[in-house]
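Undergrad: my_file_0.txt (compact mmCIF, C-alpha atoms and all ligand atoms) pasted underneath:
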# COMPACT_ATOMS: atom_id res chain seq x y z
CA MET A 30 17.90 -47.65 43.65
CA GLU A 31 15.22 -45.00 43.94
CA LYS A 32 16.71 -41.56 43.36
CA LEU A 33 16.85 -39.00 46.16
CA ARG A 34 15.18 -35.73 45.32
CA ILE A 35 16.90 -32.53 46.41
CA GLY A 36 15.85 -28.89 46.72
CA VAL A 37 18.86 -26.55 46.49
CA LEU A 38 18.91 -23.35 48.56
CA GLY A 39 21.42 -20.67 47.51
CA LEU A 40 22.57 -20.72 43.90
CA GLY A 41 26.16 -19.43 44.18
CA GLU A 42 27.85 -22.67 45.28
CA GLY A 43 24.46 -24.31 44.71
CA ARG A 44 25.53 -24.29 41.06
CA SER A 45 27.92 -27.17 41.88
CA VAL A 46 25.10 -29.16 43.47
CA ILE A 47 22.94 -28.81 40.39
CA SER A 48 25.82 -30.07 38.25
CA ALA A 49 26.50 -32.93 40.70
CA VAL A 50 22.84 -34.00 40.59
CA GLN A 51 22.68 -33.84 36.81
CA HIS A 52 25.74 -36.12 36.58
CA SER A 53 24.64 -38.62 39.24
CA GLU A 54 22.56 -41.78 38.92
CA MET A 55 21.57 -41.46 42.58
CA TRP A 56 20.00 -38.00 42.64
CA GLU A 57 17.34 -35.94 40.92
CA LEU A 58 16.72 -32.24 41.07
CA GLY A 59 13.40 -31.25 42.67
CA ALA A 60 13.73 -27.48 43.03
CA ILE A 61 16.18 -24.59 43.04
CA CYS A 62 15.74 -21.51 45.21
CA ASP A 63 17.46 -18.17 45.69
CA LEU A 64 16.26 -14.76 46.84
CA LYS A 65 17.80 -13.28 43.69
CA GLU A 66 15.45 -13.84 40.78
CA ASP A 67 18.12 -12.90 38.20
CA LEU A 68 20.46 -15.57 39.58
CA CYS A 69 17.62 -18.13 39.42
CA ARG A 70 17.08 -17.25 35.76
CA GLU A 71 20.80 -17.54 35.04
CA ARG A 72 21.04 -20.99 36.64
CA ALA A 73 17.83 -22.16 34.94
CA ALA A 74 19.24 -21.15 31.55
CA GLU A 75 22.61 -22.74 32.32
CA PHE A 76 21.16 -26.12 33.35
CA GLY A 77 18.05 -26.26 31.14
CA LEU A 78 15.49 -25.84 33.94
CA ASN A 79 12.00 -24.40 33.59
CA THR A 80 11.18 -23.40 37.15
CA TRP A 81 12.72 -21.85 40.23
CA LEU A 82 11.61 -20.44 43.56
CA THR A 83 12.52 -17.29 45.45
CA SER A 84 10.90 -18.36 48.74
CA TYR A 85 12.53 -20.97 50.98
CA GLU A 86 9.23 -21.47 52.82
CA THR A 87 7.54 -22.44 49.54
CA MET A 88 10.29 -24.91 48.72
CA LEU A 89 9.95 -26.52 52.16
CA ARG A 90 6.24 -27.15 51.51
CA ASP A 91 7.11 -29.39 48.54
CA ASP A 92 6.34 -32.91 49.79
CA SER A 93 8.25 -34.52 46.93
CA LEU A 94 11.63 -33.30 48.28
CA ASP A 95 13.63 -35.76 50.42
CA VAL A 96 16.63 -33.53 51.07
CA ILE A 97 17.38 -29.81 51.29
CA GLY A 98 20.88 -28.73 50.22
CA ILE A 99 21.83 -25.51 52.04
CA TYR A 100 24.32 -23.18 50.32
CA THR A 101 23.43 -19.81 51.83
CA PRO A 102 25.94 -17.53 53.64
CA ASP A 103 27.55 -19.08 56.74
CA GLN A 104 25.60 -16.95 59.22
CA MET A 105 22.26 -18.33 57.94
CA HIS A 106 23.00 -22.07 58.04
CA ALA A 107 21.70 -22.75 61.55
CA ARG A 108 18.32 -21.13 60.87
CA HIS A 109 17.97 -22.77 57.46
CA ILE A 110 18.83 -26.23 58.86
CA LEU A 111 16.28 -25.79 61.64
CA MET A 112 13.57 -24.86 59.14
CA ALA A 113 14.36 -27.89 56.97
CA LEU A 114 14.22 -30.28 59.94
CA GLU A 115 10.93 -28.79 61.08
CA ALA A 116 9.60 -29.42 57.58
CA GLY A 117 10.66 -33.10 57.89
CA LYS A 118 13.55 -32.99 55.39
CA HIS A 119 17.01 -34.51 55.50
CA VAL A 120 19.72 -31.85 55.28
CA ILE A 121 23.01 -31.52 53.46
CA CYS A 122 24.60 -28.26 54.63
CA THR A 123 27.82 -26.84 53.24
CA LYS A 124 30.65 -25.90 55.59
CA PRO A 125 30.80 -24.32 58.11
CA LEU A 126 27.88 -25.96 59.91
CA MET A 127 27.38 -22.61 61.69
CA VAL A 128 29.43 -19.73 63.05
CA ASP A 129 29.16 -20.37 66.81
CA LEU A 130 27.52 -22.86 69.18
CA THR A 131 24.42 -20.89 70.19
CA MET A 132 22.10 -22.97 67.99
CA ALA A 133 23.75 -26.31 68.74
CA ARG A 134 21.22 -27.50 71.33
CA PRO A 135 18.06 -26.41 69.40
CA LEU A 136 19.43 -28.15 66.28
CA LEU A 137 20.19 -31.39 68.15
CA GLU A 138 16.67 -31.36 69.59
CA ALA A 139 15.04 -30.57 66.26
CA GLN A 140 16.97 -33.37 64.62
CA LYS A 141 15.98 -35.87 67.29
CA LYS A 142 12.34 -34.86 66.97
CA SER A 143 12.37 -35.06 63.17
CA GLY A 144 14.35 -38.31 62.91
CA ARG A 145 16.08 -36.85 59.83
CA LEU A 146 19.77 -36.75 58.95
CA VAL A 147 21.99 -33.69 58.95
CA PHE A 148 25.19 -34.10 56.94
CA ILE A 149 27.88 -31.42 56.72
CA GLY A 150 29.46 -31.07 53.30
CA GLN A 151 33.12 -30.92 54.36
CA SER A 152 34.17 -31.05 50.77
CA SER A 153 37.94 -31.40 51.34
CA ARG A 154 37.43 -34.97 52.58
CA TYR A 155 36.09 -35.73 49.11
CA PHE A 156 38.96 -34.60 46.91
CA GLU A 157 40.62 -37.54 45.16
CA PRO A 158 43.91 -37.53 47.15
CA ALA A 159 42.05 -37.18 50.47
CA ILE A 160 39.90 -40.22 49.58
CA HIS A 161 42.98 -42.31 48.72
CA GLN A 162 44.88 -41.16 51.81
CA ARG A 163 41.97 -42.10 54.06
CA ARG A 164 41.62 -45.50 52.38
CA ASP A 165 45.32 -46.27 52.97
CA TYR A 166 45.09 -45.05 56.57
CA GLU A 167 42.07 -47.28 57.27
CA LYS A 168 43.92 -50.24 55.73
CA GLY A 169 46.64 -49.62 58.37
CA CYS A 170 49.35 -48.51 55.90
CA ASN A 171 50.47 -45.65 58.17
CA GLY A 172 50.67 -47.88 61.27
CA ASP A 173 49.85 -46.04 64.50
CA LEU A 174 49.30 -42.37 63.88
CA VAL A 175 51.82 -40.09 65.61
CA THR A 176 51.24 -36.64 64.19
CA VAL A 177 49.20 -34.80 61.54
CA GLU A 178 49.81 -31.53 59.67
CA THR A 179 47.03 -29.80 57.78
CA GLN A 180 46.86 -26.51 55.99
CA TYR A 181 44.57 -24.43 53.86
CA VAL A 182 46.33 -21.52 52.22
CA SER A 183 44.75 -19.34 49.55
CA ASP A 184 44.94 -15.83 48.26
CA SER A 185 41.32 -15.00 49.04
CA ARG A 186 41.56 -11.22 49.07
CA TRP A 187 38.63 -11.28 46.62
CA PHE A 188 36.46 -12.47 49.51
CA LEU A 189 36.90 -9.11 51.24
CA GLU A 190 34.68 -7.57 48.55
CA ARG A 191 31.75 -9.85 49.47
CA ALA A 192 28.96 -8.15 51.44
CA TRP A 193 28.55 -11.02 53.90
CA SER A 194 32.25 -11.07 54.78
CA HIS A 195 31.52 -7.74 56.50
CA GLU A 196 28.53 -9.06 58.46
CA ALA A 197 28.60 -10.30 62.06
CA GLY A 198 29.59 -13.94 62.29
CA PHE A 199 32.12 -13.96 59.43
CA SER A 200 35.66 -14.99 60.26
CA TRP A 201 38.47 -16.49 58.22
CA MET A 202 38.50 -19.30 60.77
CA TYR A 203 34.93 -20.48 60.38
CA ASN A 204 34.70 -19.88 56.64
CA PHE A 205 38.18 -20.95 55.51
CA LEU A 206 40.27 -22.66 58.19
CA ILE A 207 37.39 -25.08 58.85
CA HIS A 208 38.65 -27.12 55.86
CA ALA A 209 42.07 -27.68 57.48
CA LEU A 210 40.55 -28.21 60.92
CA ASP A 211 38.05 -30.75 59.62
CA LEU A 212 40.83 -32.79 57.99
CA ALA A 213 42.74 -32.76 61.30
CA VAL A 214 39.77 -33.84 63.44
CA TRP A 215 38.93 -36.57 60.94
CA TYR A 216 42.13 -38.21 62.24
CA LEU A 217 42.00 -36.80 65.79
CA PRO A 218 38.34 -37.30 66.78
CA ASN A 219 38.88 -36.46 70.46
CA VAL A 220 40.84 -33.21 70.53
CA GLU A 221 41.32 -32.13 74.14
CA THR A 222 43.54 -29.05 74.04
CA VAL A 223 44.29 -26.28 71.61
CA TYR A 224 46.85 -23.48 71.40
CA GLY A 225 47.20 -20.93 68.64
CA VAL A 226 48.41 -17.60 67.37
CA GLY A 227 46.94 -15.37 64.68
CA VAL A 228 47.73 -12.18 62.82
CA CYS A 229 45.36 -9.80 61.09
CA SER A 230 47.18 -8.46 58.03
CA SER A 231 46.77 -4.89 56.85
CA ASN A 232 45.00 -6.30 53.77
CA SER A 233 42.07 -7.39 55.96
CA ALA A 234 42.29 -4.53 58.43
CA SER A 235 42.30 -1.82 55.75
CA ARG A 236 38.96 -3.19 54.51
CA GLY A 237 37.49 -3.13 58.00
CA ILE A 238 37.81 -6.87 58.77
CA LEU A 239 39.70 -7.28 62.01
CA ALA A 240 39.59 -11.11 62.10
CA PRO A 241 43.03 -12.79 61.99
CA ASP A 242 43.83 -14.07 58.50
CA ALA A 243 47.17 -15.83 59.20
CA LEU A 244 46.62 -18.60 61.74
CA LYS A 245 48.67 -21.36 63.36
CA PHE A 246 47.31 -23.89 65.85
CA LEU A 247 48.51 -26.94 67.76
CA LEU A 248 45.99 -29.61 68.77
CA THR A 249 46.36 -32.58 71.12
CA ASP A 250 44.04 -35.56 71.05
CA ARG A 251 43.05 -37.78 73.99
CA SER A 252 45.04 -40.57 72.30
CA GLY A 253 48.24 -38.47 72.47
CA VAL A 254 48.33 -37.77 68.75
CA THR A 255 49.11 -34.12 67.90
CA ALA A 256 48.25 -31.96 64.91
CA SER A 257 49.23 -28.60 63.49
CA VAL A 258 46.58 -26.65 61.58
CA ASN A 259 47.67 -23.66 59.50
CA GLY A 260 45.87 -21.12 57.38
CA CYS A 261 46.67 -17.92 55.53
CA TYR A 262 44.06 -16.07 53.43
CA ALA A 263 44.61 -12.42 52.70
CA VAL A 264 48.08 -12.31 51.15
CA PRO A 265 49.41 -13.78 47.89
CA ALA A 266 49.99 -17.55 47.87
CA LEU A 267 52.44 -19.63 45.83
CA SER A 268 51.00 -21.53 42.92
CA ARG A 269 51.36 -25.24 42.14
CA PRO A 270 53.64 -27.19 42.11
CA TRP A 271 55.35 -25.11 44.80
CA GLU A 272 52.31 -24.92 47.04
CA HIS A 273 49.01 -26.79 47.14
CA PHE A 274 46.04 -25.00 48.60
CA ILE A 275 44.77 -27.74 50.91
CA SER A 276 47.06 -30.42 52.24
CA CYS A 277 47.04 -33.08 54.93
CA THR A 278 50.13 -35.03 56.04
CA LEU A 279 49.83 -38.13 58.22
CA ARG A 280 52.93 -39.46 59.97
CA GLY A 281 52.60 -42.88 61.56
CA THR A 282 54.81 -45.67 62.87
CA MET A 283 54.85 -47.37 59.45
CA GLY A 284 54.59 -44.55 57.00
CA ALA A 285 53.89 -41.00 55.95
CA SER A 286 51.31 -39.83 53.42
CA LYS A 287 50.43 -36.43 52.04
CA ALA A 288 47.24 -35.48 50.25
CA ASP A 289 47.76 -32.32 48.21
CA CYS A 290 44.39 -31.17 47.01
CA PRO A 291 43.07 -31.04 44.44
CA LEU A 292 44.95 -33.80 42.63
CA GLU A 293 48.24 -35.10 44.08
CA TYR A 294 48.96 -37.89 46.57
CA THR A 295 52.43 -38.86 47.89
CA TYR A 296 53.21 -41.66 50.31
CA HIS A 297 55.98 -43.78 51.75
CA PHE A 298 54.90 -46.86 53.68
CA SER A 299 57.74 -48.93 55.05
CA GLU A 300 58.07 -51.82 57.46
CA VAL A 301 61.11 -51.74 59.80
CA GLY A 302 64.23 -52.79 57.89
CA LYS A 303 62.46 -52.78 54.51
CA PHE A 304 63.12 -49.53 52.70
CA LYS A 305 60.64 -48.59 50.02
CA HIS A 306 60.62 -45.58 47.73
CA THR A 307 58.27 -42.67 48.07
CA GLU A 308 55.40 -43.09 45.63
CA HIS A 309 53.46 -40.33 43.93
CA GLU A 310 50.05 -40.51 42.28
CA SER A 311 48.58 -37.70 40.21
CA TYR A 312 44.87 -37.60 39.42
CA GLU A 313 45.33 -34.86 36.85
CA SER A 314 43.19 -36.85 34.39
CA MET A 315 40.24 -36.21 36.73
CA ARG A 316 40.59 -32.42 36.66
CA SER A 317 37.48 -31.95 34.51
CA TYR A 318 35.44 -34.09 36.94
CA TYR A 319 36.46 -31.90 39.89
CA TYR A 320 36.36 -28.53 38.13
CA ARG A 321 33.44 -28.09 35.74
CA PHE A 322 33.16 -24.34 35.50
CA GLU A 323 35.48 -21.45 34.67
CA GLY A 324 39.00 -21.78 36.15
CA GLU A 325 39.08 -23.62 39.46
CA THR A 326 35.94 -22.08 40.87
CA HIS A 327 33.21 -24.15 42.49
CA HIS A 328 33.36 -27.65 43.84
CA ALA A 329 31.15 -29.91 41.75
CA GLY A 330 33.36 -33.04 41.90
CA GLU A 331 33.72 -33.10 45.67
CA TYR A 332 30.02 -32.37 46.06
CA GLN A 333 29.06 -35.22 43.74
CA ASN A 334 31.33 -37.51 45.78
CA TYR A 335 29.75 -36.51 49.09
CA MET A 336 26.20 -36.56 47.77
CA GLU A 337 26.70 -40.08 46.45
CA ASP A 338 28.25 -41.10 49.77
CA PHE A 339 25.19 -39.64 51.53
CA ALA A 340 22.86 -41.62 49.23
CA ARG A 341 24.80 -44.87 49.80
CA CYS A 342 24.71 -44.36 53.58
CA LEU A 343 20.96 -43.78 53.51
CA LYS A 344 20.43 -46.93 51.45
CA GLU A 345 22.62 -49.03 53.76
CA GLY A 346 21.24 -47.56 57.01
CA ARG A 347 24.54 -45.90 57.94
CA THR A 348 24.94 -42.33 59.23
CA PRO A 349 26.74 -40.10 56.74
CA LEU A 350 29.64 -38.29 58.44
CA PRO A 351 30.31 -35.65 59.57
CA ASP A 352 26.83 -35.53 61.09
CA LEU A 353 25.41 -32.89 63.40
CA ARG A 354 27.11 -34.21 66.55
CA GLU A 355 30.49 -34.49 64.87
CA GLY A 356 30.04 -31.07 63.28
CA ILE A 357 29.22 -29.50 66.64
CA ARG A 358 32.27 -31.11 68.25
CA THR A 359 34.44 -29.72 65.45
CA LEU A 360 32.98 -26.26 66.05
CA ALA A 361 33.77 -26.67 69.76
CA VAL A 362 37.41 -27.22 68.76
CA MET A 363 37.14 -24.10 66.57
CA GLU A 364 35.72 -22.16 69.52
CA ALA A 365 38.63 -23.35 71.73
CA MET A 366 40.96 -22.11 68.97
CA ARG A 367 39.22 -18.73 68.98
CA ARG A 368 39.52 -18.55 72.78
CA SER A 369 43.21 -19.39 72.60
CA LEU A 370 43.85 -16.50 70.20
CA ALA A 371 42.27 -14.16 72.74
CA SER A 372 43.74 -15.65 75.93
CA HIS A 373 47.22 -16.62 74.59
CA GLN A 374 46.71 -19.79 76.66
CA VAL A 375 46.09 -23.46 75.99
CA GLU A 376 42.29 -23.94 75.90
CA ARG A 377 40.28 -27.10 76.57
CA VAL A 378 37.52 -28.35 74.28
CA ASP A 379 35.54 -29.97 77.12
CA ARG A 380 35.36 -26.55 78.79
CA VAL A 381 33.85 -25.04 75.63
CA LEU A 382 31.27 -27.81 75.41
CA THR A 383 30.34 -27.48 79.08
CA ASP A 384 30.04 -23.68 78.80
CA ALA A 385 27.70 -24.15 75.82
CA GLY A 386 25.48 -26.59 77.76
CA LEU A 387 26.75 -29.47 75.63
CA SER A 388 28.57 -31.57 78.24
CA ASP A 389 26.84 -34.69 76.86
CA LEU A 390 29.10 -34.27 73.78
CA VAL A 391 32.35 -34.27 75.84
N1 LIG A 401 34.29 -26.09 49.29
C1 LIG A 401 33.14 -25.79 49.82
O1 LIG A 401 32.54 -26.61 50.45
C2 LIG A 401 32.60 -24.40 49.65
C3 LIG A 401 33.13 -23.54 48.68
C4 LIG A 401 32.58 -22.26 48.58
C5 LIG A 401 31.55 -21.85 49.40
N2 LIG A 401 31.06 -22.72 50.33
C6 LIG A 401 29.98 -22.31 51.24
O2 LIG A 401 28.80 -22.13 50.49
C7 LIG A 401 27.99 -21.12 51.08
C8 LIG A 401 27.59 -20.12 50.03
O3 LIG A 401 28.75 -19.52 49.51
P1 LIG A 401 28.70 -18.77 48.10
O4 LIG A 401 30.10 -18.51 47.75
O5 LIG A 401 27.85 -19.52 47.15
O6 LIG A 401 27.97 -17.41 48.54
P2 LIG A 401 27.06 -16.47 47.65
O7 LIG A 401 26.88 -15.22 48.41
O8 LIG A 401 27.60 -16.42 46.26
O9 LIG A 401 25.67 -17.27 47.54
C9 LIG A 401 24.75 -17.37 48.58
C10 LIG A 401 23.36 -17.28 47.97
O10 LIG A 401 22.39 -17.53 48.98
C11 LIG A 401 21.26 -16.74 48.65
N3 LIG A 401 20.38 -16.61 49.82
C12 LIG A 401 20.64 -16.00 50.99
N4 LIG A 401 19.57 -16.10 51.82
C13 LIG A 401 18.62 -16.78 51.16
C14 LIG A 401 17.29 -17.20 51.48
N5 LIG A 401 16.73 -16.93 52.67
N6 LIG A 401 16.58 -17.85 50.56
C15 LIG A 401 17.13 -18.14 49.35
N7 LIG A 401 18.39 -17.76 48.98
C16 LIG A 401 19.12 -17.10 49.88
C17 LIG A 401 21.85 -15.41 48.19
O11 LIG A 401 20.92 -14.66 47.42
C18 LIG A 401 23.06 -15.88 47.38
O12 LIG A 401 22.79 -15.99 46.01
C19 LIG A 401 28.83 -20.51 52.21
O13 LIG A 401 28.41 -21.04 53.43
C20 LIG A 401 30.24 -20.96 51.90
O14 LIG A 401 31.03 -21.11 53.06
C21 LIG A 401 31.54 -23.99 50.45
How does this structure look as structure tokens?

TA:
Amino acid sequence: MEKLRIGVLGLGEGRSVISAVQHSEMWELGAICDLKEDLCRERAAEFGLNTWLTSYETMLRDDSLDVIGIYTPDQMHARHILMALEAGKHVICTKPLMVDLTMARPLLEAQKKSGRLVFIGQSSRYFEPAIHQRRDYEKGCNGDLVTVETQYVSDSRWFLERAWSHEAGFSWMYNFLIHALDLAVWYLPNVETVYGVGVCSSNSASRGILAPDALKFLLTDRSGVTASVNGCYAVPALSRPWEHFISCTLRGTMGASKADCPLEYTYHFSEVGKFKHTEHESYESMRSYYYRFEGETHHAGEYQNYMEDFARCLKEGRTPLPDLREGIRTLAVMEAMRRSLASHQVERVDRVLTDAGLSDLV
């Protein structure tokens, strides 16, 4: 297979993409780009590269690039995706796709015009337990889905020191809770209603961030399946094995399964009258594939998994998911969640889509 050539924009998390490319048979690195020249030099030295760019516009003029990988701050994604599509490139954009729906229509139109793909790197789908859980679910091991519980809990007080966490458009919901929401909507693709509560802790408030950092939501899908989505970000969290930072539990008519990311999977599938024991799989031996840098920072393993999935889809003529439409629908659920926090009422996703001029996505 001919390798796909990527230009990487933003070299914080972009570091994981460079590592993923260097370890993959399916990808090659075409260019790296960041506004910060010193960071470019650091990454070039780390990965044995000779060149870098500090201008996105220059990178987009490189005809040899098939795909642009976007790893800039959340508030910039929409503009950077638009520029890539206008330059005729496929796009892989990290989560969140964007921080509201204002650019949804222009992006859909630009994508249609360009005929290129936009894939959202919802990395939590690509942790080992999440992959196995999905595989079992698609095989029918859970039976008919009844209810789903997802959570993303982390002590991310460090994030309050980041400059862009203080800029318009940042919220714990779009930046953090999106992981738990995306896992829920993966199993509930037609969420209709949302209700939630949120608290802004004094840890966030004392640093001038008034966005709620402890969040609890209930979602209902058109099919009748329900989900709870929880997040907590600015207070200490419990460490493993007592708490896993991202988890997704599926409860169906024939079995329950729980993906505890990064590396644990527990399940109990059981036909009526046939009791089976709960099984547990640990992927601890894959820790060095998932975490390649200091501590548990960065996400190289999940990124390599999603980039290779993207490459396989392109080769086989399939659309890699979540794509732009799915990503926009997920953000509409997020927007309904935000409305519910303000209104203290149940909010409808179709209403959000209609208000944003996106009723064709209802
Ligand atoms: N699991 C995951 O999928 C995951 C994990 C962490 C971060 N992220 C996402 O990755 C993105 C980046 O996060 P980060 O932690 O690396 O942030 P960061 O601030 O460390 O890095 C962003 C980089 O983008 C660069 N940049 C900004 N505008 C630019 C431009 N016009 N041209 C070139 N470079 C530009 C900045 O100089 C900076 O180095 C965020 O959207 C975040 O939500 C995803």

Undergrad: Set the distance at 9 Å and use only C-alpha atoms: which residues neighbour stretch 233-238 of chain A once local chain neighbours fewer than 6 positions away are removed? I'd like the list as a ChimeraX atom specification.

TA: /A:186,189-190,194-195,200,263

Undergrad: Output as a Markdown table one row per residue of stretch 112-224 of chain A within 10 Å of stretch 80-90 of chain A: the closest atom pair and its distance in Å to one decimal place, counting all atoms listed in the file, sorted by chain and residue number ascending.

TA:
| residue | atom | partner | partner_atom | distance |
| --- | --- | --- | --- | --- |
| A:Met112 | CA | A:Leu89 | CA | 8.0 |
| A:Ala113 | CA | A:Leu89 | CA | 6.7 |
| A:Leu114 | CA | A:Leu89 | CA | 9.6 |
| A:Glu115 | CA | A:Leu89 | CA | 9.3 |
| A:Ala116 | CA | A:Leu89 | CA | 6.2 |
| A:Gly117 | CA | A:Leu89 | CA | 8.8 |
| A:Lys118 | CA | A:Leu89 | CA | 8.1 |

Undergrad: Can you measure atom CA of A:Trp201 to atom CA of A:Val228 for me? One decimal in Å is fine.

TA: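 A separation of 11.2 Å between them.
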
Undergrad: Counting all atoms listed in the file, figure out which residue out of A:Ala340, A:Ala288, A:Leu248, A:Leu206 gets nearest to A:His309.

TA: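 Between A:Ala340, A:Ala288, A:Leu248, A:Leu206, the residue approaching A:His309 most closely is A:Ala288.
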
Undergrad: Throw together the list of residues within 8 Å of ligand LIG 401 (chain A), counting only C-alpha atoms and all ligand atoms, and drop it here as an mmCIF file with C-alpha atoms, in the frame of the given file.

TA:
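File written: selection23.cif
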data_model
loop_
_atom_site.group_PDB
_atom_site.id
_atom_site.type_symbol
_atom_site.label_atom_id
_atom_site.label_comp_id
_atom_site.auth_asym_id
_atom_site.auth_seq_id
_atom_site.Cartn_x
_atom_site.Cartn_y
_atom_site.Cartn_z
ATOM 1 C CA LEU A 38 18.910 -23.350 48.560
ATOM 2 C CA GLY A 39 21.420 -20.670 47.510
ATOM 3 C CA LEU A 40 22.570 -20.720 43.900
ATOM 4 C CA GLY A 41 26.160 -19.430 44.180
ATOM 5 C CA GLU A 42 27.850 -22.670 45.280
ATOM 6 C CA GLY A 43 24.460 -24.310 44.710
ATOM 7 C CA CYS A 62 15.740 -21.510 45.210
ATOM 8 C CA ASP A 63 17.460 -18.170 45.690
ATOM 9 C CA LEU A 64 16.260 -14.760 46.840
ATOM 10 C CA LYS A 65 17.800 -13.280 43.690
ATOM 11 C CA LEU A 68 20.460 -15.570 39.580
ATOM 12 C CA THR A 83 12.520 -17.290 45.450
ATOM 13 C CA SER A 84 10.900 -18.360 48.740
ATOM 14 C CA TYR A 85 12.530 -20.970 50.980
ATOM 15 C CA ILE A 99 21.830 -25.510 52.040
ATOM 16 C CA TYR A 100 24.320 -23.180 50.320
ATOM 17 C CA THR A 101 23.430 -19.810 51.830
ATOM 18 C CA PRO A 102 25.940 -17.530 53.640
ATOM 19 C CA ASP A 103 27.550 -19.080 56.740
ATOM 20 C CA GLN A 104 25.600 -16.950 59.220
ATOM 21 C CA MET A 105 22.260 -18.330 57.940
ATOM 22 C CA HIS A 106 23.000 -22.070 58.040
ATOM 23 C CA HIS A 109 17.970 -22.770 57.460
ATOM 24 C CA THR A 123 27.820 -26.840 53.240
ATOM 25 C CA LYS A 124 30.650 -25.900 55.590
ATOM 26 C CA PRO A 125 30.800 -24.320 58.110
ATOM 27 C CA GLY A 150 29.460 -31.070 53.300
ATOM 28 C CA GLN A 151 33.120 -30.920 54.360
ATOM 29 C CA SER A 152 34.170 -31.050 50.770
ATOM 30 C CA SER A 153 37.940 -31.400 51.340
ATOM 31 C CA ARG A 191 31.750 -9.850 49.470
ATOM 32 C CA ALA A 192 28.960 -8.150 51.440
ATOM 33 C CA TRP A 193 28.550 -11.020 53.900
ATOM 34 C CA ASN A 204 34.700 -19.880 56.640
ATOM 35 C CA PHE A 205 38.180 -20.950 55.510
ATOM 36 C CA HIS A 208 38.650 -27.120 55.860
ATOM 37 C CA HIS A 327 33.210 -24.150 42.490
ATOM 38 C CA HIS A 328 33.360 -27.650 43.840
ATOM 39 C CA GLU A 331 33.720 -33.100 45.670
ATOM 40 C CA TYR A 332 30.020 -32.370 46.060
#

Undergrad: Would you please work out which residue, of A:Asp211, A:Glu71, A:Asp184, A:Glu196, is nearest to A:Ala159 when using all atoms listed in the file?

TA: A:Asp211

Undergrad: Atom CA of A:Arg134 to atom CA of A:Ala371: how many Å, to one decimal?

TA: 25.0 Å

Undergrad: When you look at A:Pro265 with a cut-off of 10 Å (counting all atoms listed in the file), what residues show up, excluding the ones that are within fewer than 2 positions of it in the same chain? I need them as a list in words.

TA: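 Selected residues are Val182, Ser183, Asp184, Ser185, Arg186, Cys261, Tyr262, Ala263, Leu267 and Ser268 of chain A.
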
Undergrad: How far is it from atom CA of A:Asp389 to atom CA of A:Gly144, in Å with one decimal?

TA: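 For atom CA of A:Asp389 relative to atom CA of A:Gly144, the distance reads 19.1 Å.
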
Undergrad: Could you check which of A:Glu337, A:Gly225, A:Leu292, A:Ile275 is closest to A:Ser317, using all atoms listed in the file?

TA: A:Leu292

Undergrad: For a quick check of understanding, using only C-alpha atoms, which of A:Arg269, A:His297, A:Arg377, A:Lys305 has the smallest distance to A:Thr282?

TA: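 Answer, going by the shortest atom-to-atom distance: A:His297.
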